[in-house]
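**Q** Input structure: target-v7.cif, which contains mmCIF, C-alpha atoms and all ligand atoms.
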```
data_query
loop_
_atom_site.label_atom_id
_atom_site.label_comp_id
_atom_site.auth_asym_id
_atom_site.auth_seq_id
_atom_site.Cartn_x
_atom_site.Cartn_y
_atom_site.Cartn_z
CA MET M 1 10.49 -27.24 -16.25
CA GLU M 2 13.78 -25.63 -15.22
CA PRO M 3 13.23 -23.69 -11.96
CA ILE M 4 13.99 -19.95 -12.07
CA LEU M 5 14.06 -17.32 -9.34
CA VAL M 6 14.19 -13.58 -10.06
CA ILE M 7 14.38 -11.03 -7.25
CA LEU M 8 14.24 -7.27 -6.92
CA GLY M 9 15.57 -4.90 -4.29
CA GLY M 10 14.06 -1.63 -5.45
CA SER M 11 14.40 0.98 -8.14
CA GLY M 12 15.04 4.72 -8.06
CA SER M 13 17.32 7.60 -8.79
CA LYS M 14 19.89 7.16 -6.00
CA ILE M 15 22.02 4.21 -5.04
CA ARG M 16 22.43 3.40 -1.37
CA ASN M 17 25.03 0.80 -0.38
CA PRO M 18 25.14 -1.13 -3.68
CA GLU M 19 27.87 -3.49 -2.44
CA GLU M 20 25.95 -4.39 0.70
CA ARG M 21 22.86 -4.96 -1.39
CA GLU M 22 24.66 -7.29 -3.73
CA ILE M 23 25.66 -9.45 -0.79
CA TYR M 24 22.08 -9.74 0.42
CA LEU M 25 20.71 -10.21 -3.09
CA GLY M 26 23.11 -13.12 -3.44
CA GLU M 27 21.96 -14.59 -0.13
CA SER M 28 18.36 -14.10 -1.06
CA LEU M 29 18.85 -15.95 -4.36
CA GLU M 30 20.64 -18.83 -2.65
CA SER M 31 18.04 -19.16 0.07
CA GLY M 32 15.07 -19.02 -2.32
CA PHE M 33 16.62 -21.21 -4.98
CA LEU M 34 17.43 -23.93 -2.48
CA GLU M 35 13.68 -24.42 -2.04
CA LEU M 36 13.24 -24.89 -5.78
CA LYS M 37 16.20 -27.23 -5.92
CA GLU M 38 14.72 -29.34 -3.17
CA GLY M 39 11.55 -29.67 -5.22
CA LYS M 40 9.44 -27.25 -3.23
CA GLU M 41 6.86 -24.96 -4.78
CA ALA M 42 7.53 -21.50 -6.18
CA LEU M 43 5.62 -19.91 -3.30
CA SER M 44 8.04 -21.14 -0.66
CA ALA M 45 10.99 -19.97 -2.79
CA VAL M 46 9.71 -16.41 -3.21
CA VAL M 47 8.81 -16.09 0.46
CA LYS M 48 12.26 -17.36 1.55
CA ALA M 49 13.95 -14.94 -0.84
CA VAL M 50 11.93 -11.99 0.46
CA ILE M 51 12.57 -12.83 4.12
CA VAL M 52 16.33 -12.49 3.55
CA MET M 53 15.81 -9.00 2.12
CA GLU M 54 13.29 -7.99 4.81
CA ASP M 55 15.95 -8.86 7.39
CA ALA M 56 18.67 -6.86 5.60
CA PRO M 57 18.72 -3.23 6.83
CA CYS M 58 19.75 -1.81 3.44
CA PHE M 59 16.35 -2.46 1.86
CA ASN M 60 13.09 -0.64 2.47
CA ALA M 61 11.16 -3.65 3.77
CA GLY M 62 10.95 -5.25 7.21
CA THR M 63 14.04 -4.08 9.10
CA GLY M 64 15.17 -0.91 7.30
CA SER M 65 11.67 0.24 6.35
CA VAL M 66 11.37 4.02 6.03
CA PRO M 67 9.36 6.02 8.60
CA ASN M 68 6.11 7.82 7.83
CA LEU M 69 5.45 11.47 8.65
CA LEU M 70 5.07 10.62 12.35
CA GLY M 71 8.33 8.69 12.46
CA GLU M 72 6.57 5.32 12.58
CA VAL M 73 7.04 2.40 10.25
CA GLU M 74 3.99 1.06 8.41
CA MET M 75 4.59 -1.80 5.99
CA ASP M 76 2.77 -3.49 3.12
CA ALA M 77 3.34 -7.04 1.84
CA SER M 78 1.65 -9.63 -0.33
CA VAL M 79 1.94 -13.06 -1.92
CA MET M 80 0.19 -14.59 -4.94
CA THR M 81 0.41 -17.83 -6.89
CA SER M 82 -0.51 -18.87 -10.42
CA GLU M 83 -3.25 -20.97 -8.80
CA GLY M 84 -4.91 -17.80 -7.51
CA LEU M 85 -3.88 -17.94 -3.85
CA PHE M 86 -3.51 -14.39 -2.53
CA GLY M 87 -2.81 -12.79 0.85
CA ALA M 88 -1.77 -9.29 1.88
CA VAL M 89 -1.19 -6.98 4.80
CA ALA M 90 -1.36 -3.20 4.54
CA ALA M 91 -0.04 -0.50 6.89
CA ILE M 92 1.04 -3.17 9.38
CA ARG M 93 3.32 -2.14 12.27
CA ASP M 94 5.61 -3.77 14.81
CA VAL M 95 6.36 -7.05 13.06
CA LYS M 96 9.68 -8.35 11.77
CA ASN M 97 8.50 -10.07 8.61
CA PRO M 98 5.31 -8.71 7.04
CA ILE M 99 5.62 -11.29 4.26
CA LYS M 100 5.09 -14.08 6.80
CA VAL M 101 1.91 -12.38 8.00
CA ALA M 102 0.73 -11.99 4.39
CA MET M 103 1.31 -15.75 4.01
CA ASP M 104 -0.81 -16.39 7.07
CA VAL M 105 -3.59 -14.24 5.63
CA ALA M 106 -3.38 -16.29 2.42
CA VAL M 107 -3.42 -19.75 3.96
CA LYS M 108 -5.16 -19.34 7.31
CA THR M 109 -8.03 -16.96 6.57
CA GLU M 110 -10.74 -16.54 3.98
CA HIS M 111 -9.77 -12.92 3.52
CA LEU M 112 -7.39 -11.44 1.00
CA MET M 113 -6.07 -8.45 2.93
CA LEU M 114 -5.83 -7.21 6.52
CA ALA M 115 -4.85 -3.63 7.32
CA GLY M 116 -3.65 -1.47 10.22
CA ASP M 117 -4.62 -2.49 13.77
CA GLY M 118 -6.51 -5.55 12.56
CA ALA M 119 -3.43 -6.78 10.74
CA VAL M 120 -1.29 -6.29 13.86
CA ARG M 121 -3.81 -8.10 16.04
CA PHE M 122 -3.95 -10.98 13.55
CA ALA M 123 -0.15 -11.13 13.46
CA ARG M 124 0.00 -11.51 17.24
CA LEU M 125 -2.65 -14.24 17.12
CA MET M 126 -0.51 -16.06 14.59
CA GLY M 127 2.51 -15.77 16.91
CA HIS M 128 4.43 -12.94 15.25
CA LYS M 129 6.20 -11.15 18.10
CA LYS M 130 6.33 -7.40 18.62
CA TYR M 131 9.36 -5.98 16.79
CA ASP M 132 10.51 -2.46 15.91
CA PRO M 133 11.77 -2.45 12.29
CA LEU M 134 13.07 1.15 12.41
CA THR M 135 16.87 1.15 12.18
CA ASP M 136 19.07 3.61 14.11
CA GLU M 137 20.16 5.18 10.84
CA LEU M 138 16.60 6.03 9.83
CA LYS M 139 15.64 7.01 13.39
CA GLU M 140 18.52 9.51 13.45
CA LEU M 141 17.70 10.87 10.02
CA TYR M 142 14.09 11.34 10.99
CA LYS M 143 15.01 13.10 14.27
CA GLU M 144 17.52 15.33 12.56
CA LYS M 145 15.04 16.43 9.93
CA LYS M 146 11.92 16.45 12.06
CA SER M 147 11.78 20.20 12.66
CA SER M 148 12.17 20.99 8.99
CA TYR M 149 10.78 17.93 7.38
CA TYR M 150 7.96 19.66 5.60
CA LYS M 151 10.38 21.56 3.44
CA ASP M 152 12.74 18.60 3.17
CA ILE M 153 10.20 15.99 2.20
CA ASP M 154 11.08 15.85 -1.47
CA ARG M 155 14.80 15.66 -0.84
CA MET M 156 14.43 13.01 1.82
CA ARG M 157 12.12 11.00 -0.38
CA SER M 158 14.68 11.00 -3.11
CA LEU M 159 17.33 9.81 -0.68
CA TYR M 160 15.39 7.06 1.01
CA SER M 161 12.66 5.43 -0.96
CA LEU M 162 11.63 2.95 -3.58
CA GLU M 163 13.53 -0.03 -2.27
CA THR M 164 10.69 -2.50 -2.14
CA VAL M 165 11.84 -6.11 -2.20
CA GLY M 166 10.22 -8.86 -4.20
CA ALA M 167 10.62 -12.16 -5.98
CA VAL M 168 9.00 -14.16 -8.77
CA ALA M 169 9.64 -17.83 -9.45
CA ILE M 170 8.65 -20.84 -11.50
CA ASP M 171 9.11 -24.29 -10.00
CA ARG M 172 9.82 -27.63 -11.65
CA PHE M 173 6.08 -28.37 -11.87
CA GLY M 174 5.47 -25.13 -13.77
CA GLY M 175 3.80 -23.42 -10.79
CA MET M 176 4.56 -19.72 -10.42
CA ALA M 177 4.44 -17.32 -7.49
CA VAL M 178 5.30 -13.78 -6.44
CA ALA M 179 6.04 -12.16 -3.06
CA LEU M 180 6.47 -8.42 -2.42
CA SER M 181 7.24 -6.36 0.70
CA THR M 182 7.86 -2.68 1.43
CA GLY M 183 8.04 0.11 3.99
CA GLY M 184 6.35 2.35 1.42
CA ILE M 185 7.48 5.85 0.60
CA MET M 186 9.59 7.96 2.96
CA LEU M 187 7.49 10.33 5.11
CA HIS M 188 4.19 9.18 3.69
CA LEU M 189 1.00 10.19 5.43
CA PRO M 190 0.06 7.75 8.18
CA GLY M 191 -2.32 5.13 6.82
CA ARG M 192 -1.06 5.41 3.25
CA VAL M 193 -1.13 2.10 1.39
CA GLY M 194 0.97 1.67 -1.73
CA ASP M 195 0.83 -0.70 -4.68
CA THR M 196 2.64 -3.57 -2.98
CA PRO M 197 -0.42 -5.29 -1.46
CA ILE M 198 -2.79 -4.40 -4.32
CA ILE M 199 -3.76 -7.23 -6.68
CA GLY M 200 -3.00 -6.10 -10.20
CA GLY M 201 -1.16 -3.02 -8.91
CA GLY M 202 2.34 -4.03 -7.80
CA ILE M 203 1.64 -7.77 -7.78
CA TYR M 204 -0.10 -10.34 -9.93
CA ALA M 205 0.15 -14.01 -10.83
CA SER M 206 -1.90 -16.18 -13.18
CA GLN M 207 -1.43 -19.27 -15.32
CA ARG M 208 0.42 -16.92 -17.68
CA GLY M 209 3.11 -15.69 -15.31
CA ALA M 210 4.16 -14.03 -12.05
CA ILE M 211 4.80 -10.30 -11.87
CA ALA M 212 6.25 -7.90 -9.27
CA ALA M 213 6.77 -4.14 -9.49
CA THR M 214 8.68 -1.56 -7.49
CA GLY M 215 8.69 2.21 -7.74
CA HIS M 216 6.22 5.02 -7.26
CA GLY M 217 3.26 3.17 -5.78
CA GLU M 218 0.60 5.70 -6.68
CA GLY M 219 1.63 5.59 -10.35
CA ILE M 220 1.86 1.79 -10.36
CA MET M 221 -1.62 1.43 -8.83
CA ARG M 222 -3.20 4.06 -11.04
CA HIS M 223 -2.05 2.19 -14.16
CA MET M 224 -2.64 -1.32 -12.76
CA VAL M 225 0.85 -2.19 -13.90
CA ALA M 226 0.98 -5.86 -12.86
CA LYS M 227 -2.40 -6.73 -14.39
CA ARG M 228 -1.51 -4.86 -17.53
CA ALA M 229 1.65 -6.94 -17.84
CA ASP M 230 -0.39 -10.10 -17.20
CA ASP M 231 -2.77 -9.19 -20.03
CA LEU M 232 0.18 -8.81 -22.37
CA LEU M 233 1.34 -12.32 -21.44
CA ASP M 234 -1.73 -13.65 -23.23
CA LYS M 235 -0.01 -13.20 -26.57
CA HIS M 236 3.56 -12.29 -25.67
CA ASN M 237 6.40 -13.50 -23.49
CA GLY M 238 7.63 -12.07 -20.17
CA GLU M 239 10.45 -10.12 -21.72
CA TYR M 240 8.15 -8.31 -24.12
CA ALA M 241 5.50 -7.67 -21.45
CA ALA M 242 8.02 -6.08 -19.08
CA GLU M 243 9.45 -3.81 -21.77
CA GLU M 244 6.05 -2.87 -23.12
CA VAL M 245 4.57 -1.74 -19.77
CA ILE M 246 7.71 0.25 -19.07
CA LYS M 247 7.32 1.92 -22.46
CA LYS M 248 3.60 2.64 -22.14
CA VAL M 249 3.06 3.52 -18.48
CA GLU M 250 3.89 7.00 -17.25
CA ALA M 251 5.26 6.33 -13.77
CA ASP M 252 8.69 5.75 -12.26
CA PHE M 253 9.00 2.03 -11.72
CA GLY M 254 10.69 -1.27 -12.42
CA ILE M 255 9.21 -4.72 -13.03
CA ILE M 256 10.25 -8.37 -12.98
CA ILE M 257 8.32 -11.19 -14.65
CA VAL M 258 8.68 -14.91 -15.12
CA ASP M 259 6.23 -16.39 -17.61
CA ARG M 260 4.80 -19.92 -18.00
CA ASP M 261 7.56 -20.90 -20.43
CA GLY M 262 10.29 -19.69 -18.10
CA LYS M 263 10.95 -16.54 -20.10
CA VAL M 264 12.13 -13.72 -17.85
CA GLY M 265 11.43 -10.00 -18.17
CA VAL M 266 13.33 -7.31 -16.26
CA ALA M 267 12.77 -3.67 -17.16
CA TYR M 268 12.85 -0.26 -15.51
CA ASN M 269 12.69 3.40 -16.41
CA THR M 270 14.40 4.62 -13.24
CA LYS M 271 18.13 5.32 -13.12
CA TYR M 272 18.81 2.05 -11.38
CA MET M 273 17.14 -1.14 -10.33
CA CYS M 274 18.52 -3.62 -7.91
CA TRP M 275 17.80 -7.20 -8.97
CA GLY M 276 19.08 -10.73 -9.39
CA ILE M 277 18.37 -14.03 -11.12
CA LYS M 278 19.27 -17.63 -10.42
CA THR M 279 18.81 -20.88 -12.28
CA GLU M 280 20.57 -24.21 -11.74
CA ASP M 281 23.72 -23.05 -13.50
CA TYR M 282 23.41 -19.28 -13.76
CA LYS M 283 23.44 -16.52 -11.17
CA LYS M 284 23.57 -12.75 -11.56
CA VAL M 285 23.08 -9.87 -9.15
CA GLN M 286 22.92 -6.16 -9.86
CA GLY M 287 23.20 -3.95 -6.77
CA ALA M 288 22.39 -0.75 -8.62
N1 LIG O 1 6.20 0.73 -4.48
C1 LIG O 1 6.45 1.09 -3.11
C2 LIG O 1 5.35 1.96 -2.60
O1 LIG O 1 4.98 2.89 -3.29
C3 LIG O 1 7.75 1.77 -2.92
C4 LIG O 1 8.94 1.00 -3.41
O2 LIG O 1 8.91 0.38 -4.46
O3 LIG O 1 9.93 1.01 -2.70
O4 LIG O 1 4.89 1.74 -1.52
#
```
Is it possible to give me this structure as structure tokens?
**A**
Amino acid sequence: MEPILVILGGSGSKIRNPEEREIYLGESLESGFLELKEGKEALSAVVKAVIVMEDAPCFNAGTGSVPNLLGEVEMDASVMTSEGLFGAVAAIRDVKNPIKVAMDVAVKTEHLMLAGDGAVRFARLMGHKKYDPLTDELKELYKEKKSSYYKDIDRMRSLYSLETVGAVAIDRFGGMAVALSTGGIMLHLPGRVGDTPIIGGGIYASQRGAIAATGHGEGIMRHMVAKRADDLLDKHNGEYAAEEVIKKVEADFGIIIVDRDGKVGVAYNTKYMCWGIKTEDYKKVQGA
């Protein structure tokens, strides 16, 4: 099987720093694809790809995550494989790479998801150091708008949101995996959990394919977007499944899929979606 890596860096109606994003998307593809090239499994490729984007301040995941209504960052992340391995963290704070903690949940516990304080405590136990992911840019914006943020919420949300990062891959053995990480939605209520760590919501993988979504989390969850796409993979390929869920589901979102035959689907109904793809001899990035 020819290895394939597809990544996403968010979808929405505004484009922030598309050139900067393209640089990091490129790095993310290189870093993740190297794993596949070296014969490693899809899971290590998607996690590597997501770490690069979590560390890049221009995406809403890890460093660069948007603050909630109290000015604090709460993040969601998850991983899943076609073999059924799953791990997630929800509303986790003060860690650099939520995706690494989600991996620890998947491989070192019998649970599927840890949330809030418990997730933070678990992260420390696993050796993830305390880290503040809020960037100066977002800190300033939050401070500036704090006194009037109730009336500015919609505008600020449209400026800074929906830049979840994710990756799907198929390795040379035909194994598939997905990883997804986000700071959620700008100025969300404290404790809000989006679609990113929800099995069948923003993330799903099975023997049929690996699926990741980005966009309005409440809409994605309500319509179980990733599971819906997986069901379509029973009789159709990844390209069809991606286009069909975009057509049928009423929510603002984008989706990436790689199916068991290596067929890729990329579709979105938002104005832009930031994404990239890499195979042995093909590479493409789209910053916006
Ligand atoms: N889906 C994410 C959420 O609602 C937001 C995003 O895609 O950036 O938490």
**Q** Neighbours of ligand LIG 1 (chain O) within 6 Å, counting only C-alpha atoms and all ligand atoms, as a list in words?
**A**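 The residues within 6 Å of ligand LIG 1 (chain O), counting only C-alpha atoms and all ligand atoms, are Gly10, Ser161, Leu162, Glu163, Thr164, Thr182, Gly184, Ile185, Gly194, Asp195, Thr196, Thr214, Gly215, His216 and Gly217 of chain M.
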**Q** So that I can check the surroundings of M:Asp171, please list as a ChimeraX atom specification every protein, DNA and RNA residue that reaches within 6 Å of it, counting only C-alpha atoms and ignoring chain neighbours fewer than 3 positions away.
**A** /M:3,36,41-42,174-175
**Q** Neighbours of M:Ala267 within 8 Å (all atoms listed in the file; same-chain residues fewer than 2 positions away dropped), as an MDAnalysis selection string?
**A** chainID M and resid 242:243 246 254:256 265 269
**Q** Taking all atoms listed in the file into account, name the residue in M:Ser65, M:Asn60, M:Gln286, M:Ser206 that is nearest to M:Phe86.
**A**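 With all atoms listed in the file as the atom set, the closest residue is M:Ser206.
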**Q** Neighbours of M:Glu2 within 9 Å (all atoms listed in the file; same-chain residues fewer than 5 positions away dropped), as number ranges by chain?
**A** M: 170-174, 262, 279-280
**Q** Have a look at M:Val178, M:Ala205, M:Ala91, M:Val79 and name the one nearest to M:Val105; count only C-alpha atoms.
**A**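 Closest to M:Val105 of all the choices is M:Val79.
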**Q** Would you save stretch 108-120 of chain M from the block above with all heavy atoms, as a compact mmCIF listing (two decimals), in the first residue's frame?
**A**
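Output contents, as saved in result_1.txt:
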```txt
# COMPACT_ATOMS: atom_id res chain seq x y z
N LYS M 108 -1.88 4.04 27.72
CA LYS M 108 -1.47 3.73 29.10
C LYS M 108 -2.62 3.60 30.08
O LYS M 108 -2.39 3.42 31.27
CB LYS M 108 -0.49 4.81 29.59
CG LYS M 108 0.82 4.80 28.80
CD LYS M 108 1.75 5.87 29.28
CE LYS M 108 2.99 5.89 28.41
NZ LYS M 108 3.72 7.14 28.52
N THR M 109 -3.85 3.77 29.61
CA THR M 109 -4.99 3.60 30.52
C THR M 109 -6.03 2.69 29.86
O THR M 109 -5.95 2.39 28.67
CB THR M 109 -5.70 4.94 30.85
OG1 THR M 109 -6.56 5.28 29.76
CG2 THR M 109 -4.72 6.07 31.08
N GLU M 110 -7.01 2.33 30.66
CA GLU M 110 -8.12 1.54 30.10
C GLU M 110 -9.28 2.45 29.76
O GLU M 110 -10.34 1.98 29.34
CB GLU M 110 -8.56 0.49 31.12
CG GLU M 110 -7.54 -0.61 31.28
CD GLU M 110 -7.99 -1.66 32.26
OE1 GLU M 110 -9.00 -1.44 32.96
OE2 GLU M 110 -7.31 -2.70 32.33
N HIS M 111 -9.08 3.74 29.97
CA HIS M 111 -10.16 4.69 29.69
C HIS M 111 -10.07 5.19 28.25
O HIS M 111 -9.05 5.01 27.58
CB HIS M 111 -10.07 5.88 30.64
CG HIS M 111 -10.12 5.49 32.08
ND1 HIS M 111 -11.09 4.66 32.58
CD2 HIS M 111 -9.31 5.80 33.12
CE1 HIS M 111 -10.88 4.48 33.88
NE2 HIS M 111 -9.80 5.15 34.24
N LEU M 112 -11.13 5.85 27.83
CA LEU M 112 -11.12 6.45 26.50
C LEU M 112 -10.90 7.95 26.56
O LEU M 112 -10.31 8.54 25.67
CB LEU M 112 -12.44 6.17 25.77
CG LEU M 112 -12.75 4.71 25.44
CD1 LEU M 112 -13.98 4.63 24.55
CD2 LEU M 112 -11.58 4.02 24.75
N MET M 113 -11.39 8.59 27.63
CA MET M 113 -11.30 10.05 27.69
C MET M 113 -11.12 10.54 29.12
O MET M 113 -11.76 10.03 30.03
CB MET M 113 -12.57 10.68 27.12
CG MET M 113 -12.47 12.19 27.01
SD MET M 113 -14.05 12.97 26.61
CE MET M 113 -14.45 12.23 25.06
N LEU M 114 -10.23 11.52 29.29
CA LEU M 114 -10.09 12.19 30.58
C LEU M 114 -10.37 13.67 30.36
O LEU M 114 -9.97 14.24 29.35
CB LEU M 114 -8.68 12.00 31.15
CG LEU M 114 -8.32 10.56 31.56
CD1 LEU M 114 -6.85 10.48 31.98
CD2 LEU M 114 -9.22 10.06 32.68
N ALA M 115 -11.04 14.29 31.35
CA ALA M 115 -11.44 15.69 31.17
C ALA M 115 -11.02 16.57 32.34
O ALA M 115 -10.83 16.08 33.46
CB ALA M 115 -12.95 15.76 31.00
N GLY M 116 -10.86 17.87 32.06
CA GLY M 116 -10.65 18.89 33.08
C GLY M 116 -9.49 18.58 34.02
O GLY M 116 -8.40 18.19 33.59
N ASP M 117 -9.73 18.79 35.34
CA ASP M 117 -8.67 18.61 36.34
C ASP M 117 -8.05 17.22 36.29
O ASP M 117 -6.84 17.06 36.48
CB ASP M 117 -9.23 18.82 37.75
CG ASP M 117 -9.56 20.29 37.99
OD1 ASP M 117 -9.09 21.13 37.19
OD2 ASP M 117 -10.29 20.58 38.97
N GLY M 118 -8.88 16.22 36.09
CA GLY M 118 -8.37 14.84 36.04
C GLY M 118 -7.40 14.66 34.90
O GLY M 118 -6.39 13.96 35.03
N ALA M 119 -7.70 15.29 33.78
CA ALA M 119 -6.82 15.19 32.61
C ALA M 119 -5.49 15.88 32.90
O ALA M 119 -4.42 15.38 32.53
CB ALA M 119 -7.49 15.81 31.39
N VAL M 120 -5.56 17.03 33.59
CA VAL M 120 -4.32 17.76 33.91
C VAL M 120 -3.48 16.92 34.88
O VAL M 120 -2.26 16.77 34.70
CB VAL M 120 -4.65 19.15 34.55
CG1 VAL M 120 -3.37 19.87 34.94
CG2 VAL M 120 -5.46 20.00 33.57
```
